[in-house]
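Q: Sharing work-v7.tsv (TSV, C-alpha atoms) below.
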chain	number	residue	atom	x	y	z
A	50	MET	CA	18.30	25.81	-5.11
A	51	THR	CA	20.66	24.00	-7.46
A	52	ILE	CA	24.14	22.58	-7.10
A	53	GLU	CA	26.55	22.55	-10.04
A	54	THR	CA	28.06	19.17	-10.76
A	55	THR	CA	31.64	20.26	-10.19
A	56	THR	CA	34.01	18.04	-8.23
A	57	THR	CA	32.88	19.43	-4.88
A	58	GLY	CA	29.30	19.83	-6.10
A	59	ILE	CA	29.04	16.12	-6.85
A	60	LEU	CA	30.43	15.28	-3.42
A	61	ALA	CA	27.85	17.57	-1.84
A	62	LEU	CA	25.03	15.92	-3.80
A	63	ILE	CA	26.20	12.44	-2.78
A	64	ALA	CA	26.43	13.62	0.83
A	65	ILE	CA	22.86	14.94	0.68
A	66	MET	CA	21.57	11.65	-0.75
A	67	THR	CA	23.48	9.73	1.90
A	68	VAL	CA	22.01	11.77	4.76
A	69	VAL	CA	18.45	11.53	3.40
A	70	THR	CA	18.74	7.76	2.93
A	71	LEU	CA	20.30	7.34	6.37
A	72	ALA	CA	17.40	9.27	7.86
A	73	THR	CA	14.98	6.74	6.33
A	74	ARG	CA	17.06	3.81	7.64
A	75	PHE	CA	17.22	5.24	11.17
A	76	GLY	CA	13.91	7.11	11.34
A	77	GLY	CA	11.46	4.25	11.74
A	78	VAL	CA	13.37	2.66	14.60
A	79	PHE	CA	13.99	6.05	16.23
A	80	VAL	CA	10.29	6.90	16.25
A	81	MET	CA	9.37	3.42	17.50
A	82	SER	CA	11.65	3.87	20.52
A	83	PHE	CA	9.09	6.39	21.82
A	84	VAL	CA	6.11	4.08	21.24
A	85	ARG	CA	5.00	1.54	23.80
A	86	ILE	CA	4.62	-1.82	22.08
A	87	SER	CA	1.09	-2.93	22.90
A	88	PRO	CA	-0.35	-6.10	21.31
A	89	ARG	CA	-2.24	-3.81	18.95
A	90	ILE	CA	0.93	-2.02	17.84
A	91	GLU	CA	2.72	-5.34	17.48
A	92	SER	CA	-0.13	-6.63	15.29
A	93	PHE	CA	0.08	-3.44	13.21
A	94	ILE	CA	3.84	-3.87	12.76
A	95	ASN	CA	3.60	-7.51	11.77
A	96	THR	CA	0.80	-7.00	9.25
A	97	MET	CA	2.52	-3.93	7.86
A	98	ALA	CA	5.75	-5.89	7.38
A	99	SER	CA	4.34	-8.36	4.89
A	100	SER	CA	2.17	-5.63	3.34
A	101	VAL	CA	5.37	-3.74	2.41
A	102	LEU	CA	6.25	-6.64	0.13
A	103	ILE	CA	2.80	-6.75	-1.44
A	104	ALA	CA	2.78	-2.97	-1.95
A	105	ILE	CA	6.10	-3.21	-3.82
A	106	ILE	CA	5.07	-6.19	-5.96
A	107	VAL	CA	1.47	-5.45	-7.03
A	108	PRO	CA	2.17	-2.14	-8.85
A	109	MET	CA	5.29	-3.80	-10.30
A	110	ALA	CA	3.06	-6.47	-11.85
A	111	PHE	CA	0.51	-3.95	-13.11
A	112	SER	CA	3.06	-1.55	-14.61
A	113	GLY	CA	5.37	-4.25	-15.94
A	114	ASP	CA	5.47	-5.90	-19.35
A	115	ALA	CA	4.41	-9.49	-20.12
A	116	GLY	CA	7.83	-10.68	-18.93
A	117	ALA	CA	7.34	-9.11	-15.51
A	118	VAL	CA	3.89	-10.64	-15.15
A	119	ALA	CA	5.23	-14.06	-16.22
A	120	ALA	CA	8.11	-13.83	-13.73
A	121	LEU	CA	5.85	-12.98	-10.81
A	122	SER	CA	3.14	-15.55	-11.70
A	123	VAL	CA	5.63	-18.39	-12.11
A	124	THR	CA	7.40	-17.48	-8.86
A	125	ALA	CA	4.07	-17.33	-7.00
A	126	ALA	CA	2.83	-20.65	-8.41
A	127	LEU	CA	6.06	-22.53	-7.67
A	128	MET	CA	6.46	-20.95	-4.24
A	129	LEU	CA	2.96	-22.03	-3.25
A	130	ALA	CA	3.46	-25.51	-4.71
A	131	LEU	CA	7.00	-26.28	-3.55
A	132	ARG	CA	7.63	-23.77	-0.71
A	133	LYS	CA	11.24	-23.53	-1.91
A	134	PRO	CA	12.31	-19.95	-2.73
A	135	LEU	CA	15.39	-20.58	-4.86
A	136	PRO	CA	13.73	-22.76	-7.56
A	137	ALA	CA	10.71	-20.44	-7.54
A	138	ILE	CA	12.84	-17.32	-8.05
A	139	ALA	CA	15.06	-18.96	-10.67
A	140	ALA	CA	12.04	-20.19	-12.66
A	141	GLY	CA	10.49	-16.71	-12.47
A	142	ILE	CA	13.60	-15.09	-13.95
A	143	VAL	CA	13.84	-17.71	-16.69
A	144	ALA	CA	10.14	-17.10	-17.46
A	145	ALA	CA	10.76	-13.36	-17.85
A	146	GLY	CA	13.70	-13.98	-20.17
A	147	LEU	CA	11.75	-16.52	-22.24
A	148	VAL	CA	8.63	-14.38	-22.61
A	149	ARG	CA	10.70	-11.35	-23.65
A	150	TYR	CA	12.61	-13.45	-26.15
A	151	LEU	CA	9.41	-14.84	-27.67
A	152	VAL	CA	7.15	-11.76	-27.62
B	26	MET	CA	26.42	-14.39	10.73
B	27	ARG	CA	28.74	-16.06	8.24
B	28	LEU	CA	25.90	-18.45	7.47
B	29	GLU	CA	23.62	-15.51	6.67
B	30	PHE	CA	26.34	-14.01	4.48
B	31	PHE	CA	26.24	-17.11	2.31
B	32	ARG	CA	22.47	-17.41	2.58
B	33	LEU	CA	22.14	-14.19	0.59
B	34	PHE	CA	25.12	-14.91	-1.65
B	35	PRO	CA	23.00	-16.19	-4.60
B	36	ILE	CA	20.85	-13.05	-4.68
B	37	SER	CA	24.02	-10.96	-4.37
B	38	LEU	CA	25.22	-12.23	-7.71
B	39	PHE	CA	22.16	-10.58	-9.21
B	40	VAL	CA	22.82	-7.44	-7.20
B	41	VAL	CA	26.21	-7.30	-8.93
B	42	ALA	CA	24.33	-7.21	-12.26
B	43	PHE	CA	22.08	-4.39	-11.02
B	44	GLY	CA	25.12	-2.54	-9.74
B	45	ALA	CA	26.76	-2.89	-13.16
B	46	ALA	CA	23.65	-1.47	-14.80
B	47	PHE	CA	23.79	1.47	-12.39
B	48	GLY	CA	27.49	2.04	-12.97
B	49	LEU	CA	26.90	2.12	-16.71
B	50	ALA	CA	23.92	4.49	-16.42
B	51	ALA	CA	25.87	6.78	-14.09
B	52	THR	CA	28.86	7.13	-16.39
B	53	GLN	CA	26.56	7.69	-19.37
B	54	LYS	CA	25.00	10.59	-17.44
B	55	GLY	CA	28.47	12.05	-16.87
B	56	LEU	CA	29.12	11.01	-13.29
B	57	PRO	CA	32.85	10.35	-12.85
B	58	PRO	CA	33.68	6.67	-12.11
B	59	LEU	CA	34.94	7.20	-8.57
B	60	ASP	CA	31.90	9.32	-7.68
B	61	ALA	CA	29.54	6.60	-8.93
B	62	ILE	CA	31.34	4.05	-6.76
B	63	LEU	CA	31.32	6.46	-3.81
B	64	MET	CA	27.57	6.98	-4.23
B	65	SER	CA	26.91	3.23	-4.20
B	66	THR	CA	29.11	2.84	-1.13
B	67	THR	CA	27.49	5.55	0.99
B	68	VAL	CA	23.89	5.65	-0.30
B	69	PHE	CA	23.43	1.88	-0.94
B	70	ALA	CA	19.84	2.17	-2.20
B	71	GLY	CA	19.58	1.17	-5.85
B	72	ALA	CA	16.19	2.48	-6.95
B	73	SER	CA	16.83	5.94	-5.51
B	74	GLN	CA	20.29	6.07	-7.10
B	75	PHE	CA	18.83	5.30	-10.52
B	76	ALA	CA	16.23	8.02	-9.98
B	77	ALA	CA	18.92	10.51	-8.91
B	78	ILE	CA	20.94	9.73	-12.04
B	79	GLU	CA	17.87	10.49	-14.13
B	80	MET	CA	17.88	14.00	-12.63
B	81	TRP	CA	21.59	14.52	-13.31
B	82	GLY	CA	22.87	17.33	-15.51
B	83	ASN	CA	25.25	20.27	-15.39
B	84	GLU	CA	23.41	21.24	-12.28
B	85	VAL	CA	21.01	19.37	-10.01
B	86	SER	CA	18.07	20.89	-8.14
B	87	VAL	CA	18.43	19.99	-4.51
B	88	LEU	CA	14.83	19.93	-3.30
B	89	PRO	CA	13.47	17.64	-6.04
B	90	LEU	CA	16.47	15.36	-5.47
B	91	VAL	CA	15.80	15.21	-1.73
B	92	ALA	CA	12.08	14.62	-2.32
B	93	VAL	CA	12.61	11.78	-4.78
B	94	VAL	CA	15.32	10.06	-2.73
B	95	PHE	CA	13.22	10.36	0.42
B	96	ALA	CA	10.03	9.11	-1.26
B	97	ILE	CA	11.68	6.07	-2.80
B	98	ASN	CA	13.55	5.19	0.38
B	99	SER	CA	10.70	5.95	2.78
B	100	ARG	CA	9.91	2.22	2.82
B	101	HIS	CA	13.04	1.92	5.02
B	102	LEU	CA	11.11	3.80	7.72
B	103	LEU	CA	8.51	1.05	7.84
B	104	MET	CA	11.03	-1.76	7.42
B	105	GLY	CA	13.07	-0.43	10.32
B	106	ALA	CA	9.97	0.02	12.46
B	107	SER	CA	8.98	-3.58	11.81
B	108	LEU	CA	12.33	-4.74	13.19
B	109	TYR	CA	11.94	-2.70	16.37
B	110	PRO	CA	10.56	-5.54	18.51
B	111	MET	CA	13.91	-7.28	17.95
B	112	LEU	CA	16.11	-4.19	17.86
B	113	LYS	CA	14.85	-2.82	21.18
B	114	ASP	CA	16.82	-5.55	22.97
B	115	VAL	CA	20.20	-4.53	21.55
B	116	SER	CA	22.26	-1.48	22.52
B	117	PRO	CA	21.61	1.74	20.58
B	118	GLY	CA	25.10	1.65	19.06
B	119	ARG	CA	24.63	-1.85	17.71
B	120	ARG	CA	21.03	-1.09	16.73
B	121	TYR	CA	21.92	1.84	14.47
B	122	SER	CA	25.02	0.11	13.10
B	123	LEU	CA	22.82	-2.76	11.93
B	124	LEU	CA	20.44	-0.29	10.30
B	125	LEU	CA	23.29	1.07	8.14
B	126	LEU	CA	23.01	-2.20	6.22
B	127	LEU	CA	19.21	-2.35	6.09
B	128	THR	CA	17.96	-3.05	2.58
B	129	ASP	CA	15.06	-4.91	0.93
B	130	ALA	CA	16.45	-8.41	0.60
B	131	ASN	CA	18.02	-8.88	4.04
B	132	TRP	CA	15.05	-7.21	5.69
B	133	ALA	CA	12.61	-9.52	3.85
B	134	VAL	CA	14.44	-12.59	5.16
B	135	SER	CA	14.57	-11.23	8.70
B	136	ALA	CA	10.90	-10.22	8.66
B	137	GLN	CA	9.88	-13.63	7.31
B	138	ASP	CA	11.89	-15.40	9.99
B	139	TYR	CA	10.29	-13.20	12.64
B	140	GLN	CA	6.79	-14.02	11.36
B	141	ASN	CA	7.74	-17.66	11.74
B	142	GLY	CA	8.85	-17.13	15.32
B	143	LYS	CA	12.59	-16.89	14.75
B	144	ARG	CA	14.62	-13.84	15.75
B	145	ASN	CA	17.19	-13.21	13.08
B	146	LEU	CA	19.21	-10.00	13.21
B	147	GLU	CA	22.31	-11.83	11.94
B	148	VAL	CA	20.88	-11.73	8.42
B	149	ILE	CA	20.69	-7.93	8.59
B	150	LEU	CA	24.42	-7.86	9.31
B	151	GLY	CA	25.72	-10.82	7.29
B	152	GLY	CA	23.23	-10.52	4.45
B	153	GLY	CA	23.59	-6.74	4.44
B	154	LEU	CA	27.36	-6.99	4.13
B	155	VAL	CA	27.26	-9.34	1.16
B	156	LEU	CA	24.59	-7.21	-0.56
B	157	TRP	CA	26.57	-4.02	0.09
B	158	LEU	CA	29.80	-5.50	-1.26
B	159	ALA	CA	27.94	-6.87	-4.29
B	160	TRP	CA	26.43	-3.43	-4.96
B	161	ILE	CA	29.86	-1.75	-4.80
B	162	VAL	CA	31.60	-4.42	-6.91
B	163	GLY	CA	28.75	-4.30	-9.44
B	164	THR	CA	28.95	-0.51	-9.72
B	165	TRP	CA	32.71	-0.76	-10.18
B	166	LEU	CA	32.26	-3.33	-12.96
B	167	GLY	CA	29.59	-1.24	-14.66
B	168	VAL	CA	31.69	1.90	-14.50
B	169	TYR	CA	34.76	0.34	-16.09
B	170	PHE	CA	33.35	-2.55	-18.14
B	171	GLY	CA	29.79	-1.31	-18.70
B	172	GLY	CA	29.58	-2.70	-22.22
B	173	LEU	CA	29.55	-6.25	-20.82
B	174	LEU	CA	25.93	-6.03	-19.76
B	175	GLN	CA	24.06	-3.90	-22.26
B	176	ASN	CA	20.58	-5.23	-21.70
B	177	PRO	CA	20.01	-6.93	-18.34
B	178	LYS	CA	16.26	-6.79	-18.96
B	179	SER	CA	16.38	-9.31	-21.81
B	180	LEU	CA	17.74	-11.86	-19.33
B	181	GLY	CA	14.98	-11.11	-16.84
B	182	LEU	CA	17.52	-9.70	-14.36
B	183	ASP	CA	15.29	-6.70	-13.54
B	184	MET	CA	12.78	-9.14	-12.02
B	185	VAL	CA	15.17	-10.76	-9.53
B	186	LEU	CA	14.28	-8.54	-6.60
B	187	GLY	CA	10.55	-8.65	-7.34
B	188	CYS	CA	10.56	-12.46	-7.50
B	189	PHE	CA	12.69	-12.66	-4.37
B	190	LEU	CA	10.38	-10.39	-2.37
B	191	LEU	CA	7.31	-12.25	-3.64
B	192	ALA	CA	8.81	-15.60	-2.59
B	193	MET	CA	9.54	-14.16	0.86
B	194	ALA	CA	5.97	-12.87	1.22
B	195	LEU	CA	4.41	-16.17	0.18
B	196	GLY	CA	6.80	-18.13	2.44
B	197	GLY	CA	5.51	-16.29	5.50
B	198	LYS	CA	2.56	-17.07	7.72
B	199	LYS	CA	-0.78	-16.92	5.91
B	200	SER	CA	-4.02	-16.50	7.82
B	201	PRO	CA	-7.37	-14.99	6.76
B	202	ARG	CA	-6.27	-11.80	8.50
B	203	VAL	CA	-3.01	-11.67	6.53
B	204	LEU	CA	-4.83	-12.34	3.26
B	205	VAL	CA	-7.27	-9.50	3.95
B	206	ALA	CA	-4.34	-7.22	4.81
B	207	TRP	CA	-2.57	-8.18	1.58
B	208	THR	CA	-5.70	-7.46	-0.48
B	209	VAL	CA	-6.08	-4.06	1.18
B	210	ALA	CA	-2.36	-3.34	0.76
B	211	GLY	CA	-2.44	-4.37	-2.90
B	212	LEU	CA	-5.49	-2.25	-3.72
B	213	ALA	CA	-4.21	0.76	-1.76
B	214	SER	CA	-0.79	0.62	-3.42
B	215	LEU	CA	-2.42	0.41	-6.85
B	216	ALA	CA	-4.68	3.36	-6.07
B	217	ALA	CA	-1.70	5.38	-4.80
B	218	TRP	CA	0.33	4.42	-7.84
B	219	ARG	CA	-2.47	5.65	-10.12
B	220	TRP	CA	-3.58	8.79	-8.32
B	221	LEU	CA	-1.03	9.91	-5.74
B	222	PRO	CA	2.40	11.49	-6.35
B	223	PRO	CA	5.05	9.09	-7.73
B	224	ASN	CA	6.89	6.76	-5.33
B	225	THR	CA	4.34	6.98	-2.53
B	226	HIS	CA	2.64	3.66	-3.31
B	227	VAL	CA	4.80	1.41	-1.13
B	228	VAL	CA	4.26	3.42	2.04
B	229	VAL	CA	0.54	3.95	1.36
B	230	GLY	CA	-0.05	0.25	0.64
B	231	ALA	CA	1.98	-0.94	3.62
B	232	LEU	CA	0.23	1.42	6.05
B	233	ALA	CA	-3.18	0.37	4.70
B	234	GLY	CA	-2.26	-3.29	5.22
B	235	GLY	CA	-0.93	-2.47	8.69
B	236	ALA	CA	-4.23	-0.78	9.57
B	237	VAL	CA	-5.94	-4.14	9.06
B	238	GLY	CA	-3.62	-5.62	11.67
B	239	PHE	CA	-4.22	-2.68	13.99
B	240	PHE	CA	-7.99	-3.20	14.05
B	241	TRP	CA	-8.05	-6.99	13.70
B	242	LEU	CA	-6.04	-8.69	16.40
B	243	GLU	CA	-5.23	-12.33	16.03
B	244	LYS	CA	-5.68	-14.78	18.88
B	245	GLN	CA	-2.47	-16.61	19.75
B	246	ASP	CA	-3.28	-19.59	17.63
B	247	ALA	CA	-1.77	-23.03	17.70
B	248	GLU	CA	-1.78	-23.40	13.94
B	249	ALA	CA	0.88	-20.70	13.67
B	250	SER	CA	3.49	-23.12	14.98
B	251	ASP	CA	2.56	-25.76	12.39
B	252	GLU	CA	2.94	-23.18	9.65
B	253	SER	CA	6.34	-22.10	10.86
B	254	ALA	CA	7.63	-25.66	10.92
B	255	GLU	CA	6.49	-26.03	7.36
B	256	ALA	CA	7.98	-22.76	6.23
B	257	GLU	CA	11.28	-23.50	7.94
B	258	ASP	CA	12.50	-25.91	5.27
B	259	GLY	CA	11.33	-23.45	2.63
B	260	ALA	CA	13.83	-20.82	3.74
B	261	VAL	CA	16.56	-19.78	1.35
B	262	PRO	CA	19.47	-22.16	2.03
Turn the structure described in the file into structure tokens.

A:
Amino acid sequence: MTIETTTTGILALIAIMTVVTLATRFGGVFVMSFVRISPRIESFINTMASSVLIAIIVPMAFSGDAGAVAALSVTAALMLALRKPLPAIAAGIVAAGLVRYLV
Amino acid sequence: MRLEFFRLFPISLFVVAFGAAFGLAATQKGLPPLDAILMSTTVFAGASQFAAIEMWGNEVSVLPLVAVVFAINSRHLLMGASLYPMLKDVSPGRRYSLLLLLTDANWAVSAQDYQNGKRNLEVILGGGLVLWLAWIVGTWLGVYFGGLLQNPKSLGLDMVLGCFLLAMALGGKKSPRVLVAWTVAGLASLAAWRWLPPNTHVVVGALAGGAVGFFWLEKQDAEASDESAEAEDGAVP
């Protein structure tokens, strides 16, 4: 099934995207409201939460260019050393810009 | 809540830049300006909007569009679920209103605070609002003044969210169990990224990491409170 990108067609496509995205925003919480939160489930949720971040970042580092790798390494090093997010993030972005300028 | 609005203000400036890049890409693909802004306002999920724009033409196939948007945004399912221990205490109306604004950056802050023993739903609201407004303003800028920001990549702007999420992860509680979970999550996401359909790696990796937590329960340890005190002053101001 295809929708032509006419004026109403575009609105329909945006509406479809909105509904699908909304379903992902609501779905997890909706399903959880039927689950009894045992310590085991709570442990699952908490470990999963930080794993989401890792699962976003690791493939980003592996598929990215030298700039991406530099950004993530510098951010990680500074975050572990200083425990201050803003300087760590800023230095990471500068590193990406620098590496891309030089390479 | 106002505090949380300003807490995410710095990252929002970068979201404006992303939004501008999206606005530019959308108009180049033939999406009318107002429709691009409408999409950013109602969908509010950058990566999936970029992917949708890639599929744009004189006509758009609905099922592939739905599949791609769902796959990219399926991480919201897990992010929302992880907030449930906090959200179960608020009324359903308020609960689902907050979720309208759920996105990576404000969720990461809230999840990190929760790991450190602090309930913070205000950041979902306040941080979500500033991110949403930044996304709309950015799209608007990109649509009308797209030429201003031709190559955000050369400035490293594409790495802002990655660096932000990494800083949030490393600022959280670290125990042997968490490190094992992260290793499993990292390997599983890489494997999924290599061998499974596109855009499934986040969910696969996160569930694999969660499985570690499911089978390996942590004793209520005293050292957790030391860690949280230390991480407290590391939070984004």

Q: Would you mind reading off the distance between CA of Ala120 (chain A) and CA of Ala194 (chain B), one decimal, in Å?

A: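 Computed distance, CA of Ala120 (chain A) to CA of Ala194 (chain B), equals 15.1 Å.
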
Q: What are the closest atom pairs, with distances in Å to one decimal, for all residues of region 76-107 of chain B lying within 9 Å of region 72-84 of chain A? Consider only C-alpha atoms, order rows by chain and residue number, and present the result as a tab-separated table.

A:
residue	atom	partner	partner_atom	distance
B:Phe95	CA	A:Thr73	CA	7.2
B:Asn98	CA	A:Thr73	CA	6.3
B:Ser99	CA	A:Thr73	CA	5.6
B:Arg100	CA	A:Thr73	CA	7.6
B:His101	CA	A:Arg74	CA	5.2
B:Leu102	CA	A:Gly77	CA	4.1
B:Leu103	CA	A:Gly77	CA	5.8
B:Met104	CA	A:Gly77	CA	7.4
B:Gly105	CA	A:Gly77	CA	5.1
B:Ala106	CA	A:Gly77	CA	4.5
B:Ser107	CA	A:Val78	CA	8.1

Q: For chain A, which residue out of B:Val155, B:Ala96, B:Leu221, B:Ile161 is the nearest one, using only C-alpha atoms?

A: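 Going through B:Val155, B:Ala96, B:Leu221, B:Ile161 one by one, the smallest distance to chain A is for B:Ala96.
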
Q: Which residues of chain B are close to chain A, meaning at most 6 Å apart when you count only C-alpha atoms, and how do they look as a ChimeraX atom specification?

A: /B:64,67-68,83-87,99,101-103,105-107,109,124,179-181,188-189,192,207,210-211,214-215,227,230-231,234-235,238-239,259,261

Q: To one decimal in Å, tell me the separation between CA of Pro110 (chain B) and CA of Pro35 (chain B).

A: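 Spanning CA of Pro110 (chain B) to CA of Pro35 (chain B) is a straight-line distance of 28.3 Å.
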
Q: Report, in Å to a single decimal, how far apart CA of Arg219 (chain B) and CA of Ser200 (chain B) are.

A: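 Atom-to-atom, CA of Ser200 (chain B) and CA of Arg219 (chain B) are spaced 28.5 Å apart.
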
Q: Taking 2 positions as the minimum chain separation for residues in the same chain, which residues sit within 8 Å of Trp160 (chain B) when counting all atoms listed in the file? Answer as a list in words.

A: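 Final neighbour list, sorted by chain and number: Ser37, Val40, Val41, Phe43, Gly44, Ser65, Thr66, Phe69, Leu156, Trp157, Leu158, Val162, Gly163 and Thr164 of chain B.
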
Q: Can you pull out the residues contacting Val93 (chain B)? Cut-off 10 Å, using only C-alpha atoms, and skip same-chain residues under 5 positions away; I want them as a list in words.

A: Met66 of chain A; Ser73, Gln74, Ala76, Ala77, Met80, Leu88, Asn98, Ser99, Pro223, Asn224 and Thr225 of chain B

Q: Near Val168 (chain B), counting all atoms listed in the file, which residues have an atom at most 9 Å away, once you skip same-chain residues fewer than 2 positions from it, shown as number ranges by chain?

A: B: 45-52, 57-59, 61-62, 163-166, 170-171

Q: Please produce a file of the residues just selected, as a short mmCIF file (atom, residue, chain, number, x, y, z; two decimals), in the coordinates of the input, where the atoms kept are C-alpha atoms.

A:
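Result went into part.cif, see below:
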data_model
loop_
_atom_site.label_atom_id
_atom_site.label_comp_id
_atom_site.auth_asym_id
_atom_site.auth_seq_id
_atom_site.Cartn_x
_atom_site.Cartn_y
_atom_site.Cartn_z
CA ALA B 45 26.76 -2.89 -13.16
CA ALA B 46 23.65 -1.47 -14.80
CA PHE B 47 23.79 1.47 -12.39
CA GLY B 48 27.49 2.04 -12.97
CA LEU B 49 26.90 2.12 -16.71
CA ALA B 50 23.92 4.49 -16.42
CA ALA B 51 25.87 6.78 -14.09
CA THR B 52 28.86 7.13 -16.39
CA PRO B 57 32.85 10.35 -12.85
CA PRO B 58 33.68 6.67 -12.11
CA LEU B 59 34.94 7.20 -8.57
CA ALA B 61 29.54 6.60 -8.93
CA ILE B 62 31.34 4.05 -6.76
CA GLY B 163 28.75 -4.30 -9.44
CA THR B 164 28.95 -0.51 -9.72
CA TRP B 165 32.71 -0.76 -10.18
CA LEU B 166 32.26 -3.33 -12.96
CA PHE B 170 33.35 -2.55 -18.14
CA GLY B 171 29.79 -1.31 -18.70
#

Q: With all atoms listed in the file as the atoms that count, which of B:Leu146, B:Ile78, B:Ala217, B:Leu212 lies nearest to Lys113 (chain B)?

A: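 Using all atoms listed in the file, Lys113 (chain B) sits closest to B:Leu146.
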
Q: Compare B:Lys178, B:Lys198, B:Arg144, B:Arg27 by their minimum atom-to-atom distance to Met111 (chain B), counting only C-alpha atoms, and give me the closest one.

A: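 With only C-alpha atoms as the atom set, the closest residue is B:Arg144.
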
Q: As AutoDock Vina command-line options, what would the box around region 120-124 of chain A look like: edges along x, y and z, 3 Å added on every side, centre and edge lengths in Å to one decimal?

A:
--center_x 5.6 --center_y -15.7 --center_z -11.3 --size_x 11.0 --size_y 11.4 --size_z 10.9
